[in-house]
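*Asks:* Sharing a structure, written as structure tokens. Questions coming.
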Amino acid sequence: MQHIKIETDAQGRELAQHGSLNFPCGTYDEYFSQFFNEEVPWHWHEEIEVVLVAEGATLVQCVNQERVISQGEMVFINANALHRLTRHSEEECHILNVVFSPKLLTGHLLGTIYQKHILPILQSSELQMVTFVPEISWQRQCIQTMQEAFEYWHLEHSDKEFVLQMALMKLWHLLASNIKLPHSKSKNTTQQERRIQTALEFIQQHYRNTISVYDICSAANISESEGYRLFRNLLNSTPTAYLTEYRLRMAAQTLVQTKQPISQIAYDTGFNCPAYFAKKFRQQYGSTPKAFRQQPLKQQL
């Protein structure tokens with residue numbers, strides 16, 4: 001089993017560098033069986049992400065939005081959008097994705113193209129994601145453009161960066177020409193997102209300790225009832241469920257990266273009872289912690 005680990009900071013921002021300073025763009029050919037629990041957990045990054053589903057289907061979730069993206073469809077995820085991807089098909093889900101800085105499209109941030117055509121989309125906090133389906137002509141063009149770019153990239157031609165950059169520019173031109181930017185978010189909606197991000201930050205900083213729903217909500221300066229409402233409406237979860245899932249994910253990563261005793265891992269990730277930890281772990285990952293550790297590990301990122 002190959003496990004890909006998505007590392008984030010305390011605010012949920014992904015730590016990985018995508019591409020290089022000379023070419024700020026990373027391309028990935030991934031299968032959901034490579035991810036812990038067959039999901040890409042809640043995270044965000046300053047780059048834009050485009051995900052093309054080659055096989056199966058994935059559920060893409062942003063704050064207040066979710067959409068199943070099936071084979072042959074694609075999704076655009078805006079910069080700084082909190083998002084999560086999970087497998088949503090019985091068969092394996094295979095995705096091709098590219099994560100790139102907007103600077104790739106223009107070279108600098110003061111030019112006319114950036115100011116006129118790129119910045120308005122980046123600043124539209126209401127535009128978290130855009131889905132592309134083959135049934136709509138301009139969206140089909142976007143899908144075909146990216147399919148061809150991914151195929152060319154895999155051929156390892158010396159001009160693959162040039163071809164990918166042109167494809168992303170064409171994608172952006174079609175996107176900017178065919179969407180109507182939504183109105184700006186209300187002050188209340190923006191405040192809710194800041195509060196949920198504060199709550200997630202608190203969980204990620206303190207999950208090793210004994211913390212309660214009251215502690216999580218207090219960190220975000222909201223009542224417990226408001227906390228439950230925010231988690232349900234924005235993340236389709238509860239504070240308790242998110243905390244447990246996060247602890248289990250950290251435990252799973254520790255299991256394959258270290259030789260620590262399983263009981264110690266349970267305590268270190270916030271579980272007071274190793275038996276309860278083993279029960280929740282089996283529910284989440286379909287195997288005992290011991291069996292999970294013994295599965296062959298091909299790669300750890």
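Identifiers in the structure tokens: chain A, B, ... in order shown; residue index from 1 per chain; ligand index from 1 in order shown.
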So that each row is one residue of range 179-297 of chain A with an atom at most 9 Å from range 26-47 of chain A, can you give its shortest atom pair and the distance in Å to one decimal, using only C-alpha atoms, rows by chain and rising number, as CSV?
*Replies:*
residue,atom,partner,partner_atom,distance
A:Leu235,CA,A:Trp42,CA,8.9
A:Tyr246,CA,A:Pro41,CA,8.9
A:Arg249,CA,A:Phe36,CA,7.1
A:Ala252,CA,A:Phe36,CA,7.5
A:Gln253,CA,A:Phe36,CA,8.0
A:Gln284,CA,A:Asn37,CA,7.1
A:Tyr285,CA,A:Asn37,CA,5.9
*Asks:* Could those selected residues go to a file with C-alpha atoms, as a PDB file, in the first residue's frame?
*Replies:*
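Contents of the output file selection.pdb:
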ATOM      1  CA  LEU A 235     -18.039  20.841   6.882  1.00  0.00           C
ATOM      2  CA  TYR A 246      -8.024  14.041  12.813  1.00  0.00           C
ATOM      3  CA  ARG A 249      -5.299  10.269  10.756  1.00  0.00           C
ATOM      4  CA  ALA A 252      -2.257   6.189  11.121  1.00  0.00           C
ATOM      5  CA  GLN A 253       0.649   8.302   9.921  1.00  0.00           C
ATOM      6  CA  GLN A 284     -12.165   4.286  10.108  1.00  0.00           C
ATOM      7  CA  TYR A 285      -9.587   2.191   8.243  1.00  0.00           C
TER       8      TYR A 285
END
*Asks:* Might you pull out every residue within 8 Å of Glu73 in chain A, with only C-alpha atoms counted and same-chain residues fewer than 3 positions away left off, and present them as a VMD selection string?
*Replies:* chain A and resid 52 to 53 69 to 70 131 to 134 143
*Asks:* Write the residues of the selection above to a file with all heavy atoms, as a PDB file, in the first residue's frame.
*Replies:*
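Just written: part_24.pdb:
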ATOM      1  N   LEU A  52      -8.756  16.576 -12.695  1.00  0.00           N
ATOM      2  CA  LEU A  52      -9.453  15.841 -13.749  1.00  0.00           C
ATOM      3  C   LEU A  52      -9.599  14.390 -13.306  1.00  0.00           C
ATOM      4  O   LEU A  52      -8.611  13.744 -12.939  1.00  0.00           O
ATOM      5  CB  LEU A  52      -8.651  15.911 -15.051  1.00  0.00           C
ATOM      6  CG  LEU A  52      -9.151  15.083 -16.231  1.00  0.00           C
ATOM      7  CD1 LEU A  52     -10.525  15.578 -16.700  1.00  0.00           C
ATOM      8  CD2 LEU A  52      -8.158  15.127 -17.381  1.00  0.00           C
ATOM      9  N   VAL A  53     -10.824  13.881 -13.316  1.00  0.00           N
ATOM     10  CA  VAL A  53     -11.071  12.504 -12.887  1.00  0.00           C
ATOM     11  C   VAL A  53     -10.905  11.572 -14.084  1.00  0.00           C
ATOM     12  O   VAL A  53     -11.667  11.630 -15.049  1.00  0.00           O
ATOM     13  CB  VAL A  53     -12.475  12.348 -12.276  1.00  0.00           C
ATOM     14  CG1 VAL A  53     -12.719  10.893 -11.887  1.00  0.00           C
ATOM     15  CG2 VAL A  53     -12.622  13.250 -11.051  1.00  0.00           C
ATOM     16  N   ILE A  69     -17.574  14.567  -8.663  1.00  0.00           N
ATOM     17  CA  ILE A  69     -16.931  14.712  -9.963  1.00  0.00           C
ATOM     18  C   ILE A  69     -16.623  13.306 -10.481  1.00  0.00           C
ATOM     19  O   ILE A  69     -15.870  12.561  -9.854  1.00  0.00           O
ATOM     20  CB  ILE A  69     -15.634  15.537  -9.862  1.00  0.00           C
ATOM     21  CG1 ILE A  69     -15.886  16.839  -9.095  1.00  0.00           C
ATOM     22  CG2 ILE A  69     -15.070  15.819 -11.248  1.00  0.00           C
ATOM     23  CD1 ILE A  69     -16.884  17.765  -9.741  1.00  0.00           C
ATOM     24  N   SER A  70     -17.227  12.950 -11.594  1.00  0.00           N
ATOM     25  CA  SER A  70     -17.107  11.591 -12.128  1.00  0.00           C
ATOM     26  C   SER A  70     -16.102  11.536 -13.278  1.00  0.00           C
ATOM     27  O   SER A  70     -15.581  12.566 -13.725  1.00  0.00           O
ATOM     28  CB  SER A  70     -18.480  11.109 -12.607  1.00  0.00           C
ATOM     29  OG  SER A  70     -19.411  11.105 -11.540  1.00  0.00           O
ATOM     30  N   THR A 131     -17.119  23.444 -11.563  1.00  0.00           N
ATOM     31  CA  THR A 131     -17.091  22.106 -12.144  1.00  0.00           C
ATOM     32  C   THR A 131     -17.222  22.187 -13.667  1.00  0.00           C
ATOM     33  O   THR A 131     -17.840  23.106 -14.206  1.00  0.00           O
ATOM     34  CB  THR A 131     -18.217  21.232 -11.579  1.00  0.00           C
ATOM     35  OG1 THR A 131     -19.477  21.870 -11.805  1.00  0.00           O
ATOM     36  CG2 THR A 131     -18.031  21.024 -10.084  1.00  0.00           C
ATOM     37  N   PHE A 132     -16.640  21.204 -14.345  1.00  0.00           N
ATOM     38  CA  PHE A 132     -16.637  21.144 -15.804  1.00  0.00           C
ATOM     39  C   PHE A 132     -17.202  19.793 -16.236  1.00  0.00           C
ATOM     40  O   PHE A 132     -16.724  18.751 -15.769  1.00  0.00           O
ATOM     41  CB  PHE A 132     -15.221  21.297 -16.354  1.00  0.00           C
ATOM     42  CG  PHE A 132     -14.553  22.600 -16.001  1.00  0.00           C
ATOM     43  CD1 PHE A 132     -13.958  22.770 -14.744  1.00  0.00           C
ATOM     44  CD2 PHE A 132     -14.510  23.653 -16.902  1.00  0.00           C
ATOM     45  CE1 PHE A 132     -13.333  23.967 -14.409  1.00  0.00           C
ATOM     46  CE2 PHE A 132     -13.881  24.850 -16.581  1.00  0.00           C
ATOM     47  CZ  PHE A 132     -13.297  25.006 -15.331  1.00  0.00           C
ATOM     48  N   VAL A 133     -18.180  19.818 -17.113  1.00  0.00           N
ATOM     49  CA  VAL A 133     -18.790  18.585 -17.617  1.00  0.00           C
ATOM     50  C   VAL A 133     -18.748  18.599 -19.148  1.00  0.00           C
ATOM     51  O   VAL A 133     -18.816  19.667 -19.769  1.00  0.00           O
ATOM     52  CB  VAL A 133     -20.246  18.440 -17.126  1.00  0.00           C
ATOM     53  CG1 VAL A 133     -20.295  18.282 -15.613  1.00  0.00           C
ATOM     54  CG2 VAL A 133     -21.091  19.619 -17.567  1.00  0.00           C
ATOM     55  N   PRO A 134     -18.638  17.422 -19.787  1.00  0.00           N
ATOM     56  CA  PRO A 134     -18.515  17.373 -21.245  1.00  0.00           C
ATOM     57  C   PRO A 134     -19.758  17.867 -21.986  1.00  0.00           C
ATOM     58  O   PRO A 134     -19.675  18.208 -23.173  1.00  0.00           O
ATOM     59  CB  PRO A 134     -18.277  15.880 -21.526  1.00  0.00           C
ATOM     60  CG  PRO A 134     -17.809  15.306 -20.235  1.00  0.00           C
ATOM     61  CD  PRO A 134     -18.481  16.103 -19.163  1.00  0.00           C
ATOM     62  N   ILE A 143     -11.858  20.625 -20.561  1.00  0.00           N
ATOM     63  CA  ILE A 143     -11.494  19.252 -20.213  1.00  0.00           C
ATOM     64  C   ILE A 143     -10.530  18.675 -21.242  1.00  0.00           C
ATOM     65  O   ILE A 143      -9.501  18.079 -20.894  1.00  0.00           O
ATOM     66  CB  ILE A 143     -12.763  18.379 -20.095  1.00  0.00           C
ATOM     67  CG1 ILE A 143     -13.616  18.842 -18.909  1.00  0.00           C
ATOM     68  CG2 ILE A 143     -12.384  16.907 -19.938  1.00  0.00           C
ATOM     69  CD1 ILE A 143     -14.985  18.194 -18.841  1.00  0.00           C
TER      70      ILE A 143
END
*Asks:* From the list A:Leu96, A:Ile121, A:Ile203, A:Met169, which residue is nearest Thr240 in chain A when using only C-alpha atoms?
*Replies:*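 Checking each of A:Leu96, A:Ile121, A:Ile203, A:Met169 against Thr240 in chain A, counting only C-alpha atoms, the winner is A:Ile203.
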*Asks:* Provide the CA of Thr145 in chain A to CA of Leu122 in chain A distance in Å, to one decimal place.
*Replies:*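 For CA of Thr145 in chain A relative to CA of Leu122 in chain A, the distance reads 21.4 Å.
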*Asks:* What parts of range 185-267 of chain A does DSSP call helix (DSSP H, G or I)? I'd like the answer as a PyMOL selection string.
*Replies:* chain A and resi 187-206+213-219+224-235+239-257+262-267
*Asks:* Excluding His88 in chain A and its own-chain neighbours fewer than 3 positions away, which residues fall within 6 Å of it when counting only C-alpha atoms? Please give them as a list in words.
*Replies:*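 Non-adjacent residues within range: Ala57, Thr58 and Leu59 of chain A.
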